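> Take a look at this one; I'll ask things after.
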Amino acid sequence: MDQNIAKYRVSIRSKKWWWAIFSFCLDLCVQQTWHMYRATPASEYIPMDLVAVQRAIADIYLKRSHAAARLELPNHPVGRVAKLDRRIPPAIRCDGLDHLVEHISKQRRCAQCGKKVKQICLKCNVPLHRKYCFVAFHTPV
């Protein structure tokens, strides 16, 4: 096991103390996966060495991340605004009725810019800066 891990070790240097342990655990898991694969009947039909198993695992994760990236809707806002669009319907957010700002005791993150703020819109229950972000948030895009 140690010989196989040393032969194909991932050599990424880091100043974090835990990185060597983490990369060793990953290498150990891949090596054990290879041993389990060799014990199955599939290894007789499709023989794979340790490097081929590492590449197959990397391909699976790369394909998964590309599939997740394709699921994102085109021309859809990203970040806090996107989450708030799902949480607060535009019909309520942009109706212009009863949107009052109230001071709160604890700081929260502004829904528009992300900075800390102590005001909240009572109707939307969303923290916003009174001068700039309040108007921008309640204006239809």
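Please note that chains go A, B, ... in the order of the structure tokens, that every chain numbers its residues from 1, and that ligands are numbered from 1 in the order shown.
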Please identify which residues in region 5-139 of chain A DSSP calls alpha helix (DSSP H) from the backbone, and express them as a PyMOL selection string.
chain A and resi 5-7+19-38+42-45+50-70+80-87+90-93+133-137
> Would you give me, as an mmCIF file with N, CA, C and O atoms, in the first residue's frame, the residues in chain A that DSSP reads as strand (DSSP E or B)?

data_model
loop_
_atom_site.group_PDB
_atom_site.id
_atom_site.type_symbol
_atom_site.label_atom_id
_atom_site.label_comp_id
_atom_site.auth_asym_id
_atom_site.auth_seq_id
_atom_site.Cartn_x
_atom_site.Cartn_y
_atom_site.Cartn_z
ATOM 1 N N VAL A 101 -39.118 50.858 6.483
ATOM 2 C CA VAL A 101 -37.813 50.506 7.041
ATOM 3 C C VAL A 101 -37.881 50.671 8.548
ATOM 4 O O VAL A 101 -38.370 51.673 9.059
ATOM 5 N N GLU A 102 -37.376 49.663 9.258
ATOM 6 C CA GLU A 102 -37.352 49.718 10.716
ATOM 7 C C GLU A 102 -35.954 49.365 11.201
ATOM 8 O O GLU A 102 -35.268 48.531 10.611
ATOM 9 N N HIS A 103 -35.554 49.989 12.299
ATOM 10 C CA HIS A 103 -34.245 49.725 12.894
ATOM 11 C C HIS A 103 -34.322 48.431 13.712
ATOM 12 O O HIS A 103 -35.283 48.206 14.437
ATOM 13 N N ILE A 104 -33.308 47.575 13.600
ATOM 14 C CA ILE A 104 -33.239 46.340 14.372
ATOM 15 C C ILE A 104 -31.999 46.380 15.258
ATOM 16 O O ILE A 104 -31.060 47.140 15.009
ATOM 17 N N SER A 105 -31.984 45.555 16.299
ATOM 18 C CA SER A 105 -30.887 45.611 17.262
ATOM 19 C C SER A 105 -29.631 44.884 16.765
ATOM 20 O O SER A 105 -28.522 45.327 17.015
ATOM 21 N N LYS A 106 -29.780 43.774 16.075
ATOM 22 C CA LYS A 106 -28.632 43.015 15.614
ATOM 23 C C LYS A 106 -28.319 43.322 14.157
ATOM 24 O O LYS A 106 -29.223 43.556 13.366
ATOM 25 N N GLN A 107 -27.042 43.313 13.810
ATOM 26 C CA GLN A 107 -26.643 43.537 12.429
ATOM 27 C C GLN A 107 -26.903 42.292 11.592
ATOM 28 O O GLN A 107 -26.743 41.172 12.059
ATOM 29 N N ARG A 108 -27.313 42.526 10.360
ATOM 30 C CA ARG A 108 -27.483 41.449 9.382
ATOM 31 C C ARG A 108 -26.868 41.906 8.071
ATOM 32 O O ARG A 108 -26.500 43.061 7.920
ATOM 33 N N ARG A 109 -26.772 41.015 7.105
ATOM 34 C CA ARG A 109 -26.196 41.347 5.806
ATOM 35 C C ARG A 109 -27.270 41.927 4.889
ATOM 36 O O ARG A 109 -28.381 41.408 4.808
ATOM 37 N N LYS A 116 -22.899 44.926 6.168
ATOM 38 C CA LYS A 116 -23.680 44.844 7.403
ATOM 39 C C LYS A 116 -24.604 46.044 7.539
ATOM 40 O O LYS A 116 -24.249 47.160 7.185
ATOM 41 N N VAL A 117 -25.795 45.785 8.074
ATOM 42 C CA VAL A 117 -26.804 46.829 8.179
ATOM 43 C C VAL A 117 -27.699 46.541 9.373
ATOM 44 O O VAL A 117 -27.832 45.389 9.797
ATOM 45 N N LYS A 118 -28.312 47.604 9.932
ATOM 46 C CA LYS A 118 -29.224 47.451 11.066
ATOM 47 C C LYS A 118 -30.635 47.899 10.728
ATOM 48 O O LYS A 118 -31.425 48.178 11.615
ATOM 49 N N GLN A 119 -30.987 47.982 9.451
ATOM 50 C CA GLN A 119 -32.342 48.308 9.032
ATOM 51 C C GLN A 119 -32.927 47.127 8.276
ATOM 52 O O GLN A 119 -32.201 46.379 7.639
ATOM 53 N N ILE A 120 -34.251 47.024 8.333
ATOM 54 C CA ILE A 120 -34.928 45.913 7.687
ATOM 55 C C ILE A 120 -36.228 46.408 7.061
ATOM 56 O O ILE A 120 -36.876 47.310 7.593
ATOM 57 N N CYS A 121 -36.597 45.852 5.910
ATOM 58 C CA CYS A 121 -37.892 46.139 5.301
ATOM 59 C C CYS A 121 -38.925 45.269 6.008
ATOM 60 O O CYS A 121 -38.792 44.042 6.030
ATOM 61 N N VAL A 126 -36.409 41.725 4.919
ATOM 62 C CA VAL A 126 -35.085 41.650 4.315
ATOM 63 C C VAL A 126 -34.270 42.842 4.800
ATOM 64 O O VAL A 126 -34.744 43.969 4.755
ATOM 65 N N PRO A 127 -33.042 42.614 5.270
ATOM 66 C CA PRO A 127 -32.200 43.744 5.682
ATOM 67 C C PRO A 127 -31.697 44.520 4.467
ATOM 68 O O PRO A 127 -31.244 43.922 3.491
#
> What is the CA of Asp27 (chain A) to CA of Glu44 (chain A) distance in Å?
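CA of Glu44 (chain A) lies 23.6 Å from CA of Asp27 (chain A).
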> Find, counting only C-alpha atoms, the residue in A:Ile5, A:Leu62, A:Phe134, A:Val53 that gets nearest to Arg38 (chain A).
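Nearest candidate to Arg38 (chain A) out of A:Ile5, A:Leu62, A:Phe134, A:Val53: A:Val53.
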> Just the residues within 12 Å of region 7-21 of chain A, please, counting only C-alpha atoms, with nothing from its chain fewer than 3 positions along; format it as a count of residues only.
18
> Rank nothing, just name the residue among A:His35, A:Lys63, A:Arg130, A:Lys123 nearest to Arg93 (chain A), using only C-alpha atoms.
A:Lys123
> One number please: CA of Met48 (chain A) to CA of Cys29 (chain A), in Å, one decimal.
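Atom-to-atom, CA of Met48 (chain A) and CA of Cys29 (chain A) are spaced 16.1 Å apart.
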